[in-house]
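Visitor: Sharing start-v5.cif below, mmCIF, C-alpha atoms:
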data_model
loop_
_atom_site.label_atom_id
_atom_site.label_comp_id
_atom_site.auth_asym_id
_atom_site.auth_seq_id
_atom_site.Cartn_x
_atom_site.Cartn_y
_atom_site.Cartn_z
CA MET A 1 52.12 91.15 77.31
CA THR A 2 55.45 92.43 75.93
CA PHE A 3 57.68 95.22 77.17
CA ASP A 4 57.34 96.97 73.79
CA PHE A 5 53.57 97.09 74.06
CA LEU A 6 53.59 98.35 77.66
CA ALA A 7 56.11 101.05 76.70
CA GLY A 8 53.95 102.06 73.73
CA ALA A 9 50.81 102.26 75.87
CA LEU A 10 52.71 104.35 78.42
CA LEU A 11 53.96 106.65 75.65
CA VAL A 12 50.47 107.59 74.42
CA THR A 13 49.24 108.01 78.00
CA LEU A 14 52.07 110.41 78.81
CA ALA A 15 51.56 112.29 75.53
CA THR A 16 47.93 113.04 76.40
CA CYS A 17 48.90 114.03 79.95
CA ILE A 18 51.55 116.42 78.61
CA GLY A 19 49.02 118.00 76.27
CA ALA A 20 46.52 118.43 79.08
CA ALA A 21 49.17 119.92 81.38
CA SER A 22 50.19 122.43 78.70
CA THR A 23 46.91 124.28 79.26
CA LEU A 24 48.30 125.46 82.59
CA PHE A 25 50.91 127.55 80.77
CA ILE A 26 49.29 128.52 77.44
CA LYS A 27 46.66 131.25 77.55
CA ASN A 28 45.08 130.71 74.13
CA LEU A 29 45.16 127.44 72.19
CA CYS A 30 42.62 128.44 69.55
CA GLY A 31 43.40 129.94 66.17
CA VAL A 32 45.50 129.29 63.09
CA ARG A 33 48.63 127.94 64.82
CA TYR A 34 46.68 125.32 66.70
CA SER A 35 44.84 124.30 63.53
CA ILE A 36 48.17 123.72 61.79
CA ILE A 37 49.24 121.40 64.61
CA LEU A 38 45.94 119.52 64.37
CA ALA A 39 46.27 119.17 60.59
CA PHE A 40 49.78 117.76 60.99
CA SER A 41 48.47 115.25 63.53
CA ALA A 42 45.64 114.31 61.17
CA GLY A 43 48.13 113.63 58.38
CA VAL A 44 50.11 111.30 60.61
CA MET A 45 46.93 109.51 61.67
CA ALA A 46 45.70 109.17 58.08
CA PHE A 47 48.91 107.46 56.98
CA THR A 48 48.80 105.23 60.06
CA ALA A 49 45.24 104.17 59.21
CA ALA A 50 46.34 103.30 55.66
CA GLU A 51 49.27 101.29 57.02
CA MET A 52 46.99 99.33 59.34
CA PHE A 53 44.52 98.69 56.51
CA GLY A 54 47.38 97.33 54.37
CA GLN A 55 48.60 95.07 57.18
CA ALA A 56 45.10 93.64 57.60
CA PHE A 57 44.75 93.03 53.85
CA GLU A 58 47.98 91.00 53.86
CA GLN A 59 46.46 88.57 56.35
CA ILE A 60 42.79 88.21 55.33
CA ASP A 61 40.59 88.67 52.27
CA LEU A 62 39.58 92.08 50.97
CA PHE A 63 35.88 91.61 51.76
CA SER A 64 36.58 90.99 55.46
CA VAL A 65 38.94 93.98 55.58
CA VAL A 66 36.41 96.32 53.97
CA ILE A 67 33.57 95.17 56.23
CA SER A 68 35.72 95.57 59.36
CA PHE A 69 36.89 99.00 58.17
CA ALA A 70 33.28 100.09 57.55
CA LEU A 71 32.22 98.82 60.99
CA GLY A 72 35.03 100.80 62.63
CA PHE A 73 34.01 103.95 60.79
CA ALA A 74 30.32 103.44 61.57
CA SER A 75 30.89 102.65 65.25
CA ILE A 76 32.58 106.00 65.90
CA MET A 77 29.90 107.79 63.90
CA ILE A 78 27.19 106.17 66.03
CA MET A 79 29.07 107.02 69.22
CA GLU A 80 29.30 110.65 68.17
CA LYS A 81 25.59 110.81 67.46
CA THR A 82 24.71 109.04 70.70
CA LEU A 83 27.06 110.63 73.21
CA PRO A 84 27.31 114.34 74.01
CA HIS A 85 30.50 115.65 72.49
CA ILE A 86 32.94 118.51 72.91
CA HIS A 87 33.77 119.78 69.43
CA TYR A 88 37.15 121.16 68.52
CA GLN A 89 35.70 124.53 67.64
CA ILE A 90 35.48 125.85 71.20
CA LYS A 91 32.70 128.23 72.17
CA LYS A 92 33.01 130.17 75.39
CA THR A 93 29.52 129.64 76.72
CA GLU A 94 28.31 128.55 80.12
CA LEU A 95 26.79 125.09 80.36
CA ALA A 96 23.38 124.66 81.95
CA ASN A 97 24.44 122.30 84.75
CA SER A 98 27.25 120.12 86.06
CA LYS A 99 25.63 116.91 84.85
CA LYS A 100 25.82 118.15 81.28
CA LYS A 101 29.50 118.95 81.79
CA VAL A 102 30.18 115.40 82.96
CA ALA A 103 28.28 113.95 79.98
CA LEU A 104 30.32 116.05 77.56
CA ILE A 105 33.56 114.95 79.15
CA VAL A 106 32.62 111.26 79.06
CA GLY A 107 31.55 111.61 75.44
CA ALA A 108 34.85 113.17 74.43
CA ILE A 109 36.86 110.50 76.21
CA ALA A 110 34.85 107.62 74.75
CA ILE A 111 34.89 108.93 71.20
CA HIS A 112 38.57 109.79 70.94
CA ASN A 113 40.57 107.70 73.38
CA ILE A 114 39.00 104.27 73.68
CA PRO A 115 39.14 103.47 69.92
CA GLU A 116 42.70 104.79 69.78
CA GLY A 117 43.66 102.52 72.66
CA PHE A 118 42.28 99.51 70.81
CA ALA A 119 44.10 100.65 67.66
CA ILE A 120 47.43 100.54 69.51
CA ALA A 121 46.59 97.10 70.91
CA ALA A 122 45.71 95.79 67.44
CA ALA A 123 48.90 97.24 65.96
CA PHE A 124 51.19 95.63 68.56
CA ALA A 125 49.28 92.36 68.25
CA GLY A 126 49.99 92.52 64.51
CA SER A 127 53.72 93.21 64.81
CA VAL A 128 56.12 95.14 67.04
CA PRO A 129 57.30 97.53 64.25
CA LEU A 130 53.69 98.38 63.33
CA GLY A 131 52.91 98.77 67.02
CA TRP A 132 55.68 101.30 67.58
CA PHE A 133 54.84 103.16 64.40
CA THR A 134 51.21 103.42 65.50
CA ALA A 135 52.10 104.37 69.09
CA ILE A 136 54.44 107.16 67.98
CA SER A 137 51.89 108.42 65.46
CA MET A 138 49.22 108.40 68.15
CA ALA A 139 51.52 110.15 70.62
CA ILE A 140 52.10 112.98 68.14
CA GLN A 141 48.34 113.38 67.83
CA ASP A 142 47.65 112.90 71.55
CA VAL A 143 49.59 115.96 72.72
CA PRO A 144 47.19 118.46 71.09
CA GLU A 145 44.27 116.16 71.82
CA GLY A 146 45.03 116.25 75.54
CA ALA A 147 44.96 120.03 75.36
CA MET A 148 41.70 119.92 73.38
CA ILE A 149 39.97 118.00 76.14
CA SER A 150 41.14 120.30 78.94
CA THR A 151 40.75 123.63 77.12
CA PRO A 152 36.95 123.51 76.59
CA LEU A 153 36.44 122.63 80.24
CA ILE A 154 38.40 125.73 81.24
CA CYS A 155 36.26 127.76 78.84
CA TYR A 156 33.17 126.26 80.47
CA GLY A 157 34.25 127.56 83.87
CA LEU A 158 36.06 124.63 85.48
CA LYS A 159 39.18 125.32 87.48
CA LYS A 160 42.37 124.74 85.49
CA SER A 161 43.61 122.09 87.90
CA ARG A 162 40.41 120.06 87.56
CA ALA A 163 40.31 120.48 83.78
CA VAL A 164 43.92 119.28 83.51
CA GLY A 165 43.14 116.32 85.75
CA LEU A 166 40.23 115.28 83.54
CA GLY A 167 42.42 115.69 80.44
CA MET A 168 45.00 113.39 81.99
CA LEU A 169 42.23 110.95 82.85
CA SER A 170 41.48 110.70 79.13
CA GLY A 171 45.10 109.63 78.54
CA ILE A 172 44.84 107.00 81.25
CA THR A 173 41.62 105.80 79.62
CA GLU A 174 43.47 105.30 76.34
CA GLY A 175 46.22 103.33 78.06
CA VAL A 176 43.72 101.11 79.87
CA ALA A 177 41.80 100.51 76.63
CA ALA A 178 45.06 99.51 74.95
CA VAL A 179 45.88 97.01 77.72
CA LEU A 180 42.39 95.49 77.65
CA GLY A 181 42.42 95.29 73.86
CA TYR A 182 45.84 93.64 73.79
CA PHE A 183 44.77 91.16 76.48
CA ILE A 184 41.77 90.09 74.38
CA LEU A 185 43.69 89.91 71.10
CA SER A 186 46.51 87.86 72.64
CA PHE A 187 43.99 85.07 73.28
CA VAL A 188 42.11 85.38 69.99
CA LEU A 189 44.83 85.85 67.36
CA ASP A 190 42.38 85.44 64.46
CA LEU A 191 40.82 88.77 65.46
CA VAL A 192 44.06 90.72 64.97
CA PRO A 193 43.66 91.56 61.23
CA LEU A 194 39.97 92.33 61.77
CA ALA A 195 40.89 94.60 64.68
CA LEU A 196 43.50 96.36 62.52
CA ALA A 197 40.93 97.08 59.81
CA PHE A 198 38.31 98.12 62.38
CA SER A 199 40.76 100.50 64.07
CA SER A 200 41.76 101.90 60.69
CA GLY A 201 38.13 102.81 59.98
CA ALA A 202 37.77 104.43 63.41
CA MET A 203 40.90 106.53 62.85
CA VAL A 204 39.74 107.64 59.40
CA TYR A 205 36.48 108.89 60.89
CA VAL A 206 38.34 110.89 63.54
CA VAL A 207 40.53 112.46 60.84
CA LEU A 208 37.80 113.24 58.30
CA VAL A 209 34.94 114.22 60.60
CA GLU A 210 36.48 115.30 63.89
CA ILE A 211 39.69 117.09 62.95
CA MET A 212 39.93 118.26 59.34
CA PRO A 213 36.61 120.18 58.99
CA ASP A 214 37.60 122.59 61.75
CA VAL A 215 41.15 122.84 60.42
CA LEU A 216 40.01 123.69 56.89
CA ARG A 217 37.46 126.16 58.21
CA GLU A 218 40.24 128.01 60.04
CA ASN A 219 42.79 128.09 57.19
CA ALA A 220 42.31 125.69 54.26
CA LYS A 221 45.67 126.25 52.52
CA LEU A 222 47.90 126.04 55.57
CA GLY A 223 45.82 123.20 56.97
CA SER A 224 46.12 121.17 53.76
CA LEU A 225 49.86 121.78 53.58
CA SER A 226 50.34 120.76 57.21
CA PHE A 227 48.26 117.62 56.60
CA VAL A 228 50.55 116.59 53.73
CA VAL A 229 53.66 117.29 55.81
CA GLY A 230 52.23 115.06 58.52
CA MET A 231 51.72 112.25 56.02
CA VAL A 232 55.29 112.63 54.73
CA ILE A 233 56.70 112.48 58.26
CA ALA A 234 54.59 109.39 58.93
CA PHE A 235 55.94 107.81 55.74
CA LEU A 236 59.48 108.42 56.94
CA LEU A 237 58.62 106.93 60.33
CA ALA A 238 57.17 103.86 58.62
CA GLY A 239 60.42 103.42 56.68
CA PHE A 240 62.42 103.71 59.89
CA PHE A 241 60.38 101.05 61.70
CA SER A 242 60.09 98.65 58.76
#
The structure in this file should be written as structure tokens.

Guide:
Amino acid sequence: MTFDFLAGALLVTLATCIGAASTLFIKNLCGVRYSIILAFSAGVMAFTAAEMFGQAFEQIDLFSVVISFALGFASIMIMEKTLPHIHYQIKKTELANSKKKVALIVGAIAIHNIPEGFAIAAAFAGSVPLGWFTAISMAIQDVPEGAMISTPLICYGLKKSRAVGLGMLSGITEGVAAVLGYFILSFVLDLVPLALAFSSGAMVYVVLVEIMPDVLRENAKLGSLSFVVGMVIAFLLAGFFS
């Protein structure tokens, strides 16, 4: 397990924790400004997913890449349908009981952070430059995501300190998932390109289904522009790390 990978895993963990902690100081995270930030993050993630797909295609045949990509996309879709989920469009309503709150929190963590952790592991297992590019892209996205996990809990009546703690826990979950994924891939190198394609599909689902619909509903023009800017920044990052 390399120093670069451990530093990358720590980076995304800290990014989520920073985002969660920001809810202590920001009164209102909803609205147009927040949607612009989300759209920018989605653009970065979309380019990252394309980069990972291309890396996988360089190592294995197209059929295997497409199947792995489709499985990654489908797995997140199934998880979303199966697990209770906190949506980005926050509604200030009281939940029926504490057990439902816990289920929603677990669902959010599982859907967003575990696949992203495996994506970072797959990227570093592929190459160090791709790993850093993916980790930085994820970190950019994880700051608002950390806030998105904590903010609904505050709206649902949890104390800010507890909501922030649970948001930080989601970042730790991502880091642990990255370490476990890297540990597995380091012993089974043939799975690396398949894992890259699988993670690419998972990221595309998060962008298309989890982030962009709410962004476009809030402000389609600004959201689309911010998405493109995010992709351009990601392109520049890719050039820097290539």

Visitor: At a cut-off of 6 Å, using all atoms listed in the file, what residues contact stretch 166-176 of chain A? Leave out same-chain residues fewer than 3 positions from it and give the result as a ChimeraX atom specification.

Guide: /A:9,13,16-17,20,109,113-114,117,146,149-150,163,179

Visitor: Restrict the selected residues to C-alpha atoms and save them as a short mmCIF file (atom, residue, chain, number, x, y, z; two decimals), in the frame of the given file.

Guide:
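Contents of result-v8.cif, as written:
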data_model
loop_
_atom_site.label_atom_id
_atom_site.label_comp_id
_atom_site.auth_asym_id
_atom_site.auth_seq_id
_atom_site.Cartn_x
_atom_site.Cartn_y
_atom_site.Cartn_z
CA ALA A 9 50.81 102.26 75.87
CA THR A 13 49.24 108.01 78.00
CA THR A 16 47.93 113.04 76.40
CA CYS A 17 48.90 114.03 79.95
CA ALA A 20 46.52 118.43 79.08
CA ILE A 109 36.86 110.50 76.21
CA ASN A 113 40.57 107.70 73.38
CA ILE A 114 39.00 104.27 73.68
CA GLY A 117 43.66 102.52 72.66
CA GLY A 146 45.03 116.25 75.54
CA ILE A 149 39.97 118.00 76.14
CA SER A 150 41.14 120.30 78.94
CA ALA A 163 40.31 120.48 83.78
CA VAL A 179 45.88 97.01 77.72
#

Visitor: Could you tell me how far atom CA of A:Phe118 sits from atom CA of A:Gly43, in Å to one decimal place?

Guide: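 About the pair atom CA of A:Gly43 and atom CA of A:Phe118: they are 19.7 Å apart.
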
Visitor: May I ask which of the residues A:Thr2, A:Thr23, A:Ser161, A:Ser127 is the closest one to A:Pro144, counting only C-alpha atoms?

Guide: A:Thr23

Visitor: Can you pull out every residue within 12 Å of stretch 54-67 of chain A, counting only C-alpha atoms, but drop anything in the same chain fewer than 3 positions away, and send it as a PyMOL selection string?

Guide: chain A and resi 47-51+70-74+122-127+129-131+189-201

Visitor: Go through A:Val164, A:Val204, A:Leu225, A:Gly19 and flag the residue nearest A:Phe53, using all atoms listed in the file for the distances.

Guide: A:Val204

Visitor: For the atom pair atom CA of A:Ala121 and atom CA of A:Asp4, what is the interatomic distance in Å to one decimal place?

Guide: 11.1 Å

Visitor: Can you work out which one of A:Val143, A:Ala234, A:Met203, A:Ala7 has the shortest atom-to-atom distance to A:Leu38, counting all atoms listed in the file?

Guide: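 When distances to A:Leu38 are compared using all atoms listed in the file, the smallest one comes from A:Val143.
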
Visitor: Give me, please, the distance in Å between atom CA of A:Ala42 and atom CA of A:Met79, quoted to one decimal.

Guide: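 Separating atom CA of A:Ala42 from atom CA of A:Met79 is a distance of 19.8 Å.
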
Visitor: Have a look at A:Ala119, A:Leu11, A:Ile211, A:Ile18 and name the one nearest to A:Ser35; count all atoms listed in the file.

Guide: A:Ile211

Visitor: Using all atoms listed in the file, find the one residue out of A:Leu24, A:Val44, A:Val188, A:Leu208 that sits nearest to A:Asp142.

Guide: A:Val44

Visitor: Would you please work out which residue, of A:Val232, A:Leu180, A:Ile120, A:Leu216, is nearest to A:Ile36 when using all atoms listed in the file?

Guide: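 When distances to A:Ile36 are compared using all atoms listed in the file, the smallest one comes from A:Leu216.
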